[in-house]
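Encoded as C-alpha cells, the structure appears first; notes follow it.
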Amino acid sequence: MVVTGNLKPVLHEIRHALQTLIEQGQPTMLDLNGIPFSPSELAELETFLGQGEIALELDVLGKTRIQECSYAGVWRIQHFNEQDKRIGYFIEVDHVPEILRSQSDDMREGLKTLSGILAMETEVTDDSI
Amino acid sequence: MTQFNMPTVGEQLRENGISRRAFLKFCGLLASSMALAPSMIPKLAEALEKATRPSVIWLSFQECTGCAESITRAHSPSLEGLIFDTISLDYQHTLQAAAGEAAEQARDEAMQANYGKYVLIVDGSIPLGNAGYSTIAGVSNLDMLKQVAKGAAAIIALGTCAAYGGLPQANPNPTGAVAVADIIKDKPIINVPGCPPIPVVITGVIAHFLAFGLPALDHLGRPKAFYGQNIHDRCYRRPFYERGLFAETFDDEGAKQGWCLYKLGCKGPITYNACATTKWNDGTSFPIESGHGCIGCSEPGFWDFGGLYNPVSLPSSLSSQHVVFATGIGVAAGVAIAALNKQAKQQAKQTREPVNVDQLNREVQL
C-alpha cells in the first residue's frame, strides 16, 4: 500500500487552523489538490473529518458542495465543473465559508435596486391620491 | 478587435454571466492552479476584478501548433477557457478569422493602439540559418519577433521551442533554431516550457501577469509557481523509489504494481513542472500515472538527453540538488554520495553518458 506520509501533517494543520480561528479569529484555507495523497490516505482523511450537520450545494460555474465536518468550524469545500468532475478541493476553517457570504458589491447593487423599486411604488401611490 | 476603453477582467466575466460568487470560486480554483497560498484568493479576486483586459498578440514561428492545441482543446467550460476569454487576442494566425493582408493589418492596428502595453506570446523557435526556413507574410521570424517585441510590455515564450529552442534545436539543429531569450534582451520574458505546456499553466501565467505583474522566475526563466516543484518530489510513485522498488520493463510485475519508473528512463528527477499535481486531460492523469516515464519536456535540450528510455544521466549542470535526486537510490541503500567515483562523474558530465542505478551502486561500492 502506498503511503505518502502527508496525512498526519495535514490533520495537524487543520487542528492548528481551528485553534487560530478560536484564539485570533483568523480563518484558514487549505488546498488539498496541491498535496499528493494515496487513495487510502484520502479515504482515511474523509473518515477522520466526518460529516457535520450542514451540507449545501451551490450552483455556480458547475456545482460547489459544502459540508461542515464533524468538527464545527471545519468545512469541506468541493468545486465541480459542469460535467460534475471535481476540480477543486479545499478545507476552510472559518465560522462560515467565504463563498456563502453575500458579496459587498452585490449587496450594494441589491440596495440600489430595492430603493429604486420602493421609490417607484411611492410615486405610484402619490399619483393615485 | 482592439477597443480603446478596455473593460476590466471582472466586467468582462460579468458580461459573460459569471456572478461575483462564481468569480470567487473561479479565483479559488485559479489560485490553486497557480500554487498560490489560499490566503491569496481575496487579493487575487480584487486584483483581477480591476485588471484591464489586455491586448495579446500571439506569434507562431517554428512550431507544431501543439501549444495552441493544448489551450484551445481544454475542456469547456473550463478555467482555462474563462481566462482565455478575458484577453483580447488580436492576432493569432491559426485561430483568427482574418487571413493574408487583413490579418497582418489587424496585428499592426493592435500594436499601434496598445503600444508598450500589449502582451506578446510566442510559440516556436526562431531560425537563424536561412531566413526562408520560416516566414509569415514574407517576413522572416527574426524580423517579425524584433518588430513586435519592441512595443510589448512583456513576452511569454510559450512551449519549449520558444523558451529553449525545443525540437527544432535538437542536434544537429538544421535551421539554427534559437529561443526568444537568445534574441530579445531588453524585455521581460516569461518562459512557459513544456511540449506542450499544461493549459492551466498557460492561463495561470496570464492571470498572474494581469493580477500581480511579472511572476517570480527560476534560473531558467520559468514561473516558480508552476515550475518550482520537481516531478519526482511530487510523484505518487516516490515511496517506491525510496524503498528501491523499480519496474525493470513495462510489463513486469513491478510495472503492474505501479513501482518507480526510474530505470525505464523516467526524467522526473531532473524535471520541474506541475504535471504531478495539476495533471492532464481535465485533471485525469499525467504520463507517469499512465505507466510511462516523464520525458522531461519542460527542460532545455530534452530531445538530446540521450534516449527517452535511458535512465537519467548526470545532468550537465551538476548541482548538489540534482546529485541527490539522481543518486537517491544510493542514499536509500545506505551509501554516501561522497564515494561516487570522481572520474566517472566528470566523464559523465562531459559526455552526458547515462549513469544507471546499477552503475552507481557498483561505483559507490568500489
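Residues are referred to by chain and number: the chain letter is A, B, ... according to the order shown in the C-alpha cells, the number counts from 1 in that chain, and ligands are numbered separately from 1 in the order shown.
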message = If we count only C-alpha atoms and set the cut-off at 6 Å, which residues sit around range 88-91 of chain B, ignoring sequence neighbours fewer than 5 positions away in its own chain? Please answer as a ChimeraX atom specification.
response = /B:54-58,107
Hey, which bits of chain A sit within 10 Å of chain B, and for each residue what's the closest pair of atoms and how far apart in Å (one decimal), counting only C-alpha atoms, rows by chain and increasing number, as a tab-separated table?
residue	atom	partner	partner_atom	distance
A:Met1	CA	B:Gln257	CA	9.8
A:Val2	CA	B:Pro239	CA	6.8
A:Val3	CA	B:Pro239	CA	6.9
A:Thr4	CA	B:Pro239	CA	6.6
A:Gly5	CA	B:Pro239	CA	9.2
A:Pro27	CA	B:Ser39	CA	8.8
A:Thr28	CA	B:Ser39	CA	7.1
A:Met29	CA	B:Pro38	CA	5.5
A:Leu30	CA	B:Pro38	CA	6.4
A:Asp31	CA	B:Pro38	CA	6.6
A:Leu32	CA	B:Ser32	CA	9.1
A:Asn33	CA	B:Thr277	CA	7.1
A:Gly34	CA	B:Thr277	CA	6.0
A:Ile35	CA	B:Thr277	CA	7.5
A:Pro36	CA	B:Tyr236	CA	6.6
A:Phe37	CA	B:Tyr236	CA	7.5
A:Ser38	CA	B:Tyr236	CA	7.1
A:Leu58	CA	B:Ala22	CA	9.7
A:Asp59	CA	B:Ala22	CA	8.7
A:Val60	CA	B:Ala22	CA	5.0
A:Leu61	CA	B:Ala22	CA	6.0
A:Gly62	CA	B:Ala22	CA	9.1
A:Thr64	CA	B:Lys25	CA	8.5
A:His79	CA	B:Lys25	CA	7.7
A:Asn81	CA	B:Ser78	CA	7.5
A:Glu82	CA	B:Pro77	CA	7.3
A:Gln83	CA	B:Pro77	CA	9.2
A:Lys85	CA	B:Asp282	CA	8.8
A:Arg86	CA	B:Gly283	CA	9.0
A:Ile87	CA	B:Gly283	CA	7.5
A:Gly88	CA	B:Leu29	CA	6.1
A:Tyr89	CA	B:Leu29	CA	8.9
A:Phe90	CA	B:Pro38	CA	8.8
A:Ile91	CA	B:Pro38	CA	9.9
A:Glu92	CA	B:Pro38	CA	9.4
A:Glu98	CA	B:Leu24	CA	8.7
A:Ile99	CA	B:Arg21	CA	6.2
A:Leu100	CA	B:Arg21	CA	8.0
A:Arg101	CA	B:Arg21	CA	8.6
A:Ser102	CA	B:Arg21	CA	8.0
A:Gln103	CA	B:Arg20	CA	7.1
A:Ser104	CA	B:Arg20	CA	9.6
A:Asp105	CA	B:Arg20	CA	8.3
A:Asp106	CA	B:Arg20	CA	7.4
Could you take the residues named above and write them with C-alpha atoms, as a CSV table (one decimal), in the first residue's frame?
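Saved file part.csv follows:
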chain,number,residue,atom,x,y,z
A,1,MET,CA,0.0,0.0,0.0
A,2,VAL,CA,1.3,3.4,-1.0
A,3,VAL,CA,1.8,5.9,1.8
A,4,THR,CA,2.9,9.5,1.1
A,5,GLY,CA,3.1,10.4,4.7
A,27,PRO,CA,-9.7,31.9,9.1
A,28,THR,CA,-7.5,29.5,7.2
A,29,MET,CA,-7.9,27.7,3.9
A,30,LEU,CA,-6.1,24.6,2.8
A,31,ASP,CA,-5.8,23.5,-0.8
A,32,LEU,CA,-5.9,19.7,-0.8
A,33,ASN,CA,-5.4,19.5,-4.5
A,34,GLY,CA,-1.8,20.6,-4.1
A,35,ILE,CA,-0.9,17.8,-1.7
A,36,PRO,CA,-0.3,14.3,-3.0
A,37,PHE,CA,-2.3,11.6,-1.2
A,38,SER,CA,-2.7,8.0,-1.9
A,58,LEU,CA,-24.4,25.8,-4.8
A,59,ASP,CA,-24.9,26.2,-8.5
A,60,VAL,CA,-22.0,28.4,-9.6
A,61,LEU,CA,-19.9,27.5,-12.7
A,62,GLY,CA,-21.0,23.9,-12.0
A,64,THR,CA,-20.0,23.5,-5.4
A,79,HIS,CA,-15.8,22.5,-6.5
A,81,ASN,CA,-17.2,21.6,-13.2
A,82,GLU,CA,-20.3,21.4,-15.3
A,83,GLN,CA,-19.5,17.7,-16.1
A,85,LYS,CA,-15.9,16.3,-12.2
A,86,ARG,CA,-14.2,17.6,-9.0
A,87,ILE,CA,-11.8,20.4,-10.0
A,88,GLY,CA,-11.0,21.8,-6.6
A,89,TYR,CA,-10.9,20.6,-3.0
A,90,PHE,CA,-10.4,22.9,-0.1
A,91,ILE,CA,-10.7,22.7,3.7
A,92,GLU,CA,-11.8,26.1,5.0
A,98,GLU,CA,-16.4,32.8,2.4
A,99,ILE,CA,-18.2,31.7,-0.8
A,100,LEU,CA,-21.5,31.6,1.2
A,101,ARG,CA,-21.3,35.2,2.3
A,102,SER,CA,-23.2,37.7,0.2
A,103,GLN,CA,-20.7,39.9,-1.6
A,104,SER,CA,-20.5,43.6,-0.7
A,105,ASP,CA,-20.8,44.8,-4.3
A,106,ASP,CA,-23.8,42.5,-4.9
ask   = Which neighbours of Gln112 in chain B fall inside 12 Å, counting only C-alpha atoms, when residues of the same chain fewer than 2 positions from it are skipped, and could you give them as a PyMOL selection string?
value = chain B and resi 2-4+55+57+90+105-110+114-118+147-148+150-152
inquiry  = Can you measure CA of Glu23 in chain A to CA of Val93 in chain A for me? One decimal in Å is fine.
reply    =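 That distance, rounded to one decimal, is 12.8 Å.
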query = What are the DSSP strand (DSSP E or B) residues of range 71-240 of chain B, as a PyMOL selection string?
reply = chain B and resi 88-92+118-123+125-127+135-136+139-140+152-158+177-178+189-192+217+223+230
Residues just named, written with N, CA, C and O atoms as a tab-separated table (two decimals), in the first residue's frame:
chain	number	residue	atom	x	y	z
B	88	SER	N	-7.96	39.97	-24.99
B	88	SER	CA	-8.33	40.37	-26.34
B	88	SER	C	-7.25	39.85	-27.27
B	88	SER	O	-6.19	40.45	-27.41
B	89	LEU	N	-7.50	38.68	-27.84
B	89	LEU	CA	-6.49	38.06	-28.71
B	89	LEU	C	-6.58	38.72	-30.08
B	89	LEU	O	-7.47	38.41	-30.87
B	90	ASP	N	-5.68	39.65	-30.33
B	90	ASP	CA	-5.81	40.47	-31.53
B	90	ASP	C	-5.09	39.89	-32.75
B	90	ASP	O	-5.31	40.33	-33.87
B	91	TYR	N	-4.20	38.92	-32.51
B	91	TYR	CA	-3.53	38.30	-33.65
B	91	TYR	C	-3.08	36.90	-33.27
B	91	TYR	O	-2.36	36.74	-32.28
B	92	GLN	N	-3.55	35.91	-33.98
B	92	GLN	CA	-3.06	34.53	-33.82
B	92	GLN	C	-3.40	33.88	-35.14
B	92	GLN	O	-4.56	33.59	-35.42
B	118	TYR	N	0.83	45.87	-24.82
B	118	TYR	CA	0.32	44.54	-25.16
B	118	TYR	C	1.26	43.42	-24.70
B	118	TYR	O	2.45	43.64	-24.46
B	119	VAL	N	0.65	42.24	-24.55
B	119	VAL	CA	1.42	41.06	-24.18
B	119	VAL	C	1.74	40.29	-25.46
B	119	VAL	O	0.85	40.08	-26.29
B	120	LEU	N	2.97	39.93	-25.63
B	120	LEU	CA	3.36	39.14	-26.81
B	120	LEU	C	3.56	37.69	-26.39
B	120	LEU	O	4.34	37.40	-25.48
B	121	ILE	N	2.80	36.80	-27.02
B	121	ILE	CA	3.01	35.37	-26.80
B	121	ILE	C	3.72	34.82	-28.04
B	121	ILE	O	3.34	35.13	-29.16
B	122	VAL	N	4.78	34.08	-27.83
B	122	VAL	CA	5.49	33.46	-28.95
B	122	VAL	C	5.50	31.95	-28.74
B	122	VAL	O	5.84	31.48	-27.66
B	123	ASP	N	5.08	31.20	-29.75
B	123	ASP	CA	5.36	29.77	-29.68
B	123	ASP	C	6.20	29.40	-30.90
B	123	ASP	O	6.07	29.97	-31.97
B	125	SER	N	10.38	28.13	-32.20
B	125	SER	CA	11.73	28.70	-32.15
B	125	SER	C	11.96	29.58	-33.37
B	125	SER	O	11.16	29.58	-34.32
B	126	ILE	N	13.07	30.30	-33.36
B	126	ILE	CA	13.38	31.24	-34.44
B	126	ILE	C	14.62	30.74	-35.17
B	126	ILE	O	15.67	30.56	-34.54
B	127	PRO	N	14.53	30.50	-36.49
B	127	PRO	CA	15.70	30.02	-37.21
B	127	PRO	C	16.66	31.15	-37.54
B	127	PRO	O	16.24	32.19	-38.03
B	135	THR	N	8.77	31.87	-42.53
B	135	THR	CA	8.35	33.26	-42.72
B	135	THR	C	6.85	33.39	-42.53
B	135	THR	O	6.12	32.41	-42.65
B	136	ILE	N	6.41	34.59	-42.21
B	136	ILE	CA	4.98	34.90	-42.15
B	136	ILE	C	4.76	36.13	-43.01
B	136	ILE	O	5.41	37.17	-42.77
B	139	VAL	N	7.74	37.88	-44.20
B	139	VAL	CA	8.68	38.47	-43.22
B	139	VAL	C	9.34	37.34	-42.44
B	139	VAL	O	8.65	36.40	-42.00
B	140	SER	N	10.65	37.41	-42.27
B	140	SER	CA	11.32	36.34	-41.52
B	140	SER	C	10.90	36.36	-40.06
B	140	SER	O	10.51	37.41	-39.53
B	152	ALA	N	6.04	45.56	-26.87
B	152	ALA	CA	5.40	44.66	-25.89
B	152	ALA	C	5.74	45.06	-24.46
B	152	ALA	O	6.84	45.53	-24.18
B	153	ALA	N	4.76	44.87	-23.56
B	153	ALA	CA	5.02	45.10	-22.13
B	153	ALA	C	5.81	43.92	-21.59
B	153	ALA	O	6.68	44.08	-20.73
B	154	ALA	N	5.47	42.75	-22.06
B	154	ALA	CA	6.16	41.52	-21.63
B	154	ALA	C	5.97	40.46	-22.69
B	154	ALA	O	5.07	40.56	-23.53
B	155	ILE	N	6.86	39.47	-22.66
B	155	ILE	CA	6.78	38.39	-23.64
B	155	ILE	C	6.63	37.07	-22.91
B	155	ILE	O	7.33	36.80	-21.93
B	156	ILE	N	5.68	36.27	-23.36
B	156	ILE	CA	5.54	34.92	-22.84
B	156	ILE	C	6.06	33.97	-23.92
B	156	ILE	O	5.50	33.90	-25.01
B	157	ALA	N	7.16	33.28	-23.63
B	157	ALA	CA	7.71	32.30	-24.57
B	157	ALA	C	7.03	30.97	-24.25
B	157	ALA	O	7.33	30.31	-23.25
B	158	LEU	N	6.07	30.62	-25.09
B	158	LEU	CA	5.17	29.50	-24.81
B	158	LEU	C	5.70	28.21	-25.45
B	158	LEU	O	5.92	28.15	-26.66
B	177	ALA	N	18.04	26.95	-35.00
B	177	ALA	CA	16.94	27.43	-34.15
B	177	ALA	C	17.44	27.95	-32.81
B	177	ALA	O	18.31	27.34	-32.18
B	178	VAL	N	16.87	29.08	-32.39
B	178	VAL	CA	17.18	29.62	-31.07
B	178	VAL	C	15.88	30.00	-30.35
B	178	VAL	O	14.82	30.03	-30.96
B	189	ILE	N	10.88	38.45	-20.15
B	189	ILE	CA	10.44	37.25	-20.85
B	189	ILE	C	10.08	36.19	-19.81
B	189	ILE	O	10.86	35.91	-18.90
B	190	ILE	N	8.87	35.65	-19.93
B	190	ILE	CA	8.46	34.56	-19.05
B	190	ILE	C	8.48	33.29	-19.87
B	190	ILE	O	7.76	33.17	-20.86
B	191	ASN	N	9.31	32.34	-19.51
B	191	ASN	CA	9.35	31.07	-20.22
B	191	ASN	C	8.30	30.13	-19.65
B	191	ASN	O	8.25	29.90	-18.44
B	192	VAL	N	7.44	29.61	-20.52
B	192	VAL	CA	6.42	28.65	-20.11
B	192	VAL	C	6.64	27.37	-20.91
B	192	VAL	O	5.93	27.07	-21.86
B	217	LEU	N	10.56	34.22	-11.19
B	217	LEU	CA	11.06	33.22	-12.14
B	217	LEU	C	12.25	32.46	-11.57
B	217	LEU	O	12.99	32.97	-10.74
B	223	PRO	N	8.15	30.52	-14.36
B	223	PRO	CA	7.48	30.95	-13.13
B	223	PRO	C	7.61	29.87	-12.05
B	223	PRO	O	7.26	28.71	-12.29
B	230	ASN	N	9.65	19.73	-8.33
B	230	ASN	CA	10.22	18.65	-9.11
B	230	ASN	C	9.15	17.55	-9.31
B	230	ASN	O	8.45	17.21	-8.38
message = Using only C-alpha atoms, which protein or nucleic acid residues come within 6 Å of Gly159 in chain B? Drop anything in the same chain fewer than 4 positions from it, and give the result as a ChimeraX atom specification.
response = /B:192-197
Running DSSP on the backbone, which parts of range 196-262 of chain B land in alpha helix (DSSP H), as a tab-separated table (two decimals) with all heavy atoms, in the first residue's frame?
chain	number	residue	atom	x	y	z
B	199	PRO	N	-2.39	23.38	-20.09
B	199	PRO	CA	-3.26	24.52	-20.40
B	199	PRO	C	-3.42	25.50	-19.25
B	199	PRO	O	-3.31	26.72	-19.43
B	199	PRO	CB	-4.60	23.88	-20.75
B	199	PRO	CG	-4.31	22.48	-21.10
B	199	PRO	CD	-3.02	22.10	-20.44
B	200	VAL	N	-3.68	24.97	-18.06
B	200	VAL	CA	-3.96	25.87	-16.94
B	200	VAL	C	-2.69	26.61	-16.50
B	200	VAL	O	-2.76	27.67	-15.89
B	200	VAL	CB	-4.64	25.10	-15.78
B	200	VAL	CG1	-3.64	24.33	-14.96
B	200	VAL	CG2	-5.48	26.03	-14.93
B	201	VAL	N	-1.53	26.08	-16.85
B	201	VAL	CA	-0.28	26.79	-16.56
B	201	VAL	C	-0.18	28.01	-17.49
B	201	VAL	O	0.20	29.10	-17.07
B	201	VAL	CB	0.95	25.86	-16.72
B	201	VAL	CG1	2.24	26.65	-16.66
B	201	VAL	CG2	0.94	24.79	-15.64
B	202	ILE	N	-0.58	27.81	-18.74
B	202	ILE	CA	-0.55	28.92	-19.70
B	202	ILE	C	-1.45	30.06	-19.20
B	202	ILE	O	-1.04	31.21	-19.09
B	202	ILE	CB	-1.06	28.46	-21.09
B	202	ILE	CG1	-0.25	27.26	-21.62
B	202	ILE	CG2	-1.04	29.61	-22.09
B	202	ILE	CD1	-0.80	26.64	-22.90
B	203	THR	N	-2.69	29.71	-18.86
B	203	THR	CA	-3.63	30.75	-18.43
B	203	THR	C	-3.28	31.28	-17.05
B	203	THR	O	-3.50	32.44	-16.76
B	203	THR	CB	-5.07	30.21	-18.44
B	203	THR	OG1	-5.08	28.94	-17.81
B	203	THR	CG2	-5.58	30.07	-19.85
B	204	GLY	N	-2.71	30.41	-16.21
B	204	GLY	CA	-2.29	30.85	-14.88
B	204	GLY	C	-1.23	31.93	-14.97
B	204	GLY	O	-1.24	32.91	-14.21
B	205	VAL	N	-0.31	31.78	-15.92
B	205	VAL	CA	0.74	32.79	-16.11
B	205	VAL	C	0.11	34.10	-16.58
B	205	VAL	O	0.45	35.18	-16.09
B	205	VAL	CB	1.80	32.29	-17.12
B	205	VAL	CG1	2.74	33.41	-17.52
B	205	VAL	CG2	2.59	31.14	-16.53
B	206	ILE	N	-0.84	34.00	-17.50
B	206	ILE	CA	-1.52	35.21	-17.98
B	206	ILE	C	-2.26	35.87	-16.81
B	206	ILE	O	-2.17	37.09	-16.61
B	206	ILE	CB	-2.51	34.86	-19.12
B	206	ILE	CG1	-1.74	34.32	-20.34
B	206	ILE	CG2	-3.35	36.08	-19.52
B	206	ILE	CD1	-2.62	33.78	-21.46
B	207	ALA	N	-2.96	35.05	-16.02
B	207	ALA	CA	-3.71	35.59	-14.88
B	207	ALA	C	-2.78	36.25	-13.88
B	207	ALA	O	-3.08	37.33	-13.35
B	207	ALA	CB	-4.50	34.47	-14.20
B	208	HIS	N	-1.64	35.62	-13.63
B	208	HIS	CA	-0.68	36.19	-12.68
B	208	HIS	C	-0.18	37.54	-13.19
B	208	HIS	O	-0.07	38.50	-12.43
B	208	HIS	CB	0.50	35.24	-12.46
B	208	HIS	CG	1.34	35.62	-11.28
B	208	HIS	ND1	2.17	36.73	-11.30
B	208	HIS	CD2	1.45	35.08	-10.06
B	208	HIS	CE1	2.76	36.83	-10.13
B	208	HIS	NE2	2.35	35.84	-9.36
B	209	PHE	N	0.09	37.59	-14.47
B	209	PHE	CA	0.58	38.83	-15.06
B	209	PHE	C	-0.47	39.94	-14.92
B	209	PHE	O	-0.15	41.09	-14.60
B	209	PHE	CB	0.95	38.61	-16.53
B	209	PHE	CG	1.51	39.83	-17.20
B	209	PHE	CD1	2.77	40.28	-16.88
B	209	PHE	CD2	0.75	40.54	-18.12
B	209	PHE	CE1	3.29	41.43	-17.47
B	209	PHE	CE2	1.26	41.69	-18.71
B	209	PHE	CZ	2.53	42.13	-18.39
B	210	LEU	N	-1.74	39.57	-15.16
B	210	LEU	CA	-2.82	40.56	-15.06
B	210	LEU	C	-3.01	41.05	-13.63
B	210	LEU	O	-3.19	42.24	-13.37
B	210	LEU	CB	-4.15	39.93	-15.51
B	210	LEU	CG	-4.28	39.57	-16.98
B	210	LEU	CD1	-5.65	38.99	-17.26
B	210	LEU	CD2	-4.06	40.81	-17.83
B	211	ALA	N	-2.96	40.11	-12.69
B	211	ALA	CA	-3.28	40.45	-11.30
B	211	ALA	C	-2.09	41.05	-10.55
B	211	ALA	O	-2.24	42.03	-9.83
B	211	ALA	CB	-3.77	39.20	-10.57
B	212	PHE	N	-0.93	40.48	-10.72
B	212	PHE	CA	0.21	40.88	-9.88
B	212	PHE	C	1.45	41.30	-10.66
B	212	PHE	O	2.50	41.53	-10.10
B	212	PHE	CB	0.61	39.72	-8.95
B	212	PHE	CG	-0.51	39.16	-8.13
B	212	PHE	CD1	-0.85	37.82	-8.20
B	212	PHE	CD2	-1.24	39.99	-7.29
B	212	PHE	CE1	-1.88	37.29	-7.45
B	212	PHE	CE2	-2.29	39.47	-6.53
B	212	PHE	CZ	-2.61	38.12	-6.62
B	224	LYS	N	8.11	30.29	-10.89
B	224	LYS	CA	8.33	29.33	-9.81
B	224	LYS	C	7.03	28.67	-9.35
B	224	LYS	O	7.03	27.55	-8.88
B	224	LYS	CB	9.00	30.02	-8.63
B	224	LYS	CG	10.46	30.30	-8.86
B	224	LYS	CD	11.06	30.95	-7.63
B	224	LYS	CE	12.51	31.28	-7.85
B	224	LYS	NZ	13.03	32.16	-6.80
B	225	ALA	N	5.92	29.42	-9.49
B	225	ALA	CA	4.64	28.89	-9.01
B	225	ALA	C	4.31	27.56	-9.69
B	225	ALA	O	3.74	26.67	-9.08
B	225	ALA	CB	3.52	29.89	-9.28
B	226	PHE	N	4.68	27.43	-10.96
B	226	PHE	CA	4.34	26.21	-11.69
B	226	PHE	C	5.54	25.28	-11.88
B	226	PHE	O	5.37	24.08	-12.04
B	226	PHE	CB	3.77	26.56	-13.07
B	226	PHE	CG	2.54	27.40	-12.99
B	226	PHE	CD1	2.58	28.74	-13.30
B	226	PHE	CD2	1.35	26.85	-12.56
B	226	PHE	CE1	1.44	29.52	-13.21
B	226	PHE	CE2	0.21	27.62	-12.46
B	226	PHE	CZ	0.26	28.96	-12.79
B	227	TYR	N	6.72	25.86	-11.90
B	227	TYR	CA	7.90	25.05	-12.21
B	227	TYR	C	8.85	24.94	-11.01
B	227	TYR	O	9.99	24.54	-11.17
B	227	TYR	CB	8.64	25.64	-13.42
B	227	TYR	CG	7.80	25.65	-14.69
B	227	TYR	CD1	7.00	26.73	-15.03
B	227	TYR	CD2	7.79	24.54	-15.55
B	227	TYR	CE1	6.23	26.73	-16.18
B	227	TYR	CE2	7.03	24.53	-16.70
B	227	TYR	CZ	6.24	25.63	-17.01
B	227	TYR	OH	5.48	25.62	-18.15
B	238	ARG	N	6.80	8.02	-5.73
B	238	ARG	CA	8.03	8.32	-5.00
B	238	ARG	C	8.31	7.34	-3.84
B	238	ARG	O	9.45	6.93	-3.64
B	238	ARG	CB	7.98	9.77	-4.50
B	238	ARG	CG	9.15	10.22	-3.65
B	238	ARG	CD	10.41	10.37	-4.47
B	238	ARG	NE	11.54	10.66	-3.62
B	238	ARG	CZ	12.15	11.83	-3.54
B	238	ARG	NH1	11.73	12.84	-4.26
B	238	ARG	NH2	13.18	12.02	-2.76
B	239	PRO	N	7.27	6.93	-3.09
B	239	PRO	CA	7.55	5.99	-1.99
B	239	PRO	C	8.23	4.70	-2.47
B	239	PRO	O	9.03	4.12	-1.74
B	239	PRO	CB	6.16	5.70	-1.42
B	239	PRO	CG	5.36	6.91	-1.75
B	239	PRO	CD	5.86	7.36	-3.10
B	240	PHE	N	7.94	4.26	-3.70
B	240	PHE	CA	8.59	3.05	-4.23
B	240	PHE	C	10.06	3.30	-4.50
B	240	PHE	O	10.91	2.44	-4.30
B	240	PHE	CB	7.88	2.56	-5.50
B	240	PHE	CG	6.49	2.07	-5.24
B	240	PHE	CD1	5.39	2.74	-5.72
B	240	PHE	CD2	6.28	0.92	-4.48
B	240	PHE	CE1	4.11	2.29	-5.47
B	240	PHE	CE2	5.00	0.45	-4.22
B	240	PHE	CZ	3.91	1.14	-4.71
B	241	TYR	N	10.34	4.51	-5.00
B	241	TYR	CA	11.73	4.90	-5.26
B	241	TYR	C	12.52	4.86	-3.96
B	241	TYR	O	13.63	4.32	-3.89
B	241	TYR	CB	11.73	6.31	-5.87
B	241	TYR	CG	13.08	6.94	-6.09
B	241	TYR	CD1	13.76	6.76	-7.29
B	241	TYR	CD2	13.67	7.72	-5.09
B	241	TYR	CE1	14.99	7.35	-7.49
B	241	TYR	CE2	14.90	8.31	-5.29
B	241	TYR	CZ	15.56	8.13	-6.49
B	241	TYR	OH	16.78	8.72	-6.68
B	242	GLU	N	11.91	5.43	-2.92
B	242	GLU	CA	12.58	5.47	-1.61
B	242	GLU	C	12.90	4.07	-1.11
B	242	GLU	O	13.90	3.85	-0.43
B	242	GLU	CB	11.70	6.16	-0.56
B	242	GLU	CG	11.29	7.59	-0.88
B	242	GLU	CD	12.44	8.57	-0.88
B	242	GLU	OE1	13.55	8.16	-0.49
B	242	GLU	OE2	12.24	9.72	-1.30
B	253	GLU	N	6.22	-7.45	-13.22
B	253	GLU	CA	5.38	-7.39	-12.03
B	253	GLU	C	5.46	-6.01	-11.36
B	253	GLU	O	4.46	-5.48	-10.88
B	253	GLU	CB	5.82	-8.51	-11.05
B	253	GLU	CG	4.77	-8.95	-10.05
B	253	GLU	CD	3.39	-9.19	-10.66
B	253	GLU	OE1	3.28	-9.78	-11.78
B	253	GLU	OE2	2.40	-8.74	-10.03
B	254	GLY	N	6.68	-5.45	-11.39
B	254	GLY	CA	6.87	-4.12	-10.79
B	254	GLY	C	6.03	-3.07	-11.49
B	254	GLY	O	5.42	-2.21	-10.84
B	255	ALA	N	5.99	-3.14	-12.82
B	255	ALA	CA	5.18	-2.18	-13.59
B	255	ALA	C	3.72	-2.32	-13.22
B	255	ALA	O	3.00	-1.34	-13.05
B	255	ALA	CB	5.38	-2.40	-15.09
B	256	LYS	N	3.30	-3.59	-13.08
B	256	LYS	CA	1.89	-3.84	-12.73
B	256	LYS	C	1.56	-3.32	-11.32
B	256	LYS	O	0.44	-2.91	-11.04
B	256	LYS	CB	1.57	-5.34	-12.81
B	256	LYS	CG	1.48	-5.83	-14.25
B	256	LYS	CD	1.32	-7.32	-14.33
B	256	LYS	CE	1.54	-7.79	-15.76
B	256	LYS	NZ	1.87	-9.20	-15.85
task = Would you mind telling me which residue in B:Lys146, B:Lys43, B:Arg73, B:Arg14 lies nearest to Trp280 in chain B when using only C-alpha atoms?
result =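 Closest to Trp280 in chain B of all the choices is B:Arg73.
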ask   = So which residues touch range 44-51 of chain A within 12 Å, counting only C-alpha atoms, skipping near sequence neighbours fewer than 3 positions away, as JSON, numbers by chain?
value = {"A": [3, 6, 7, 8, 9, 10, 11, 12, 14, 15, 32, 37, 38, 39, 40, 41, 54, 55, 66, 67, 68, 69, 70, 71, 72, 73, 74, 75, 76, 89, 91]}
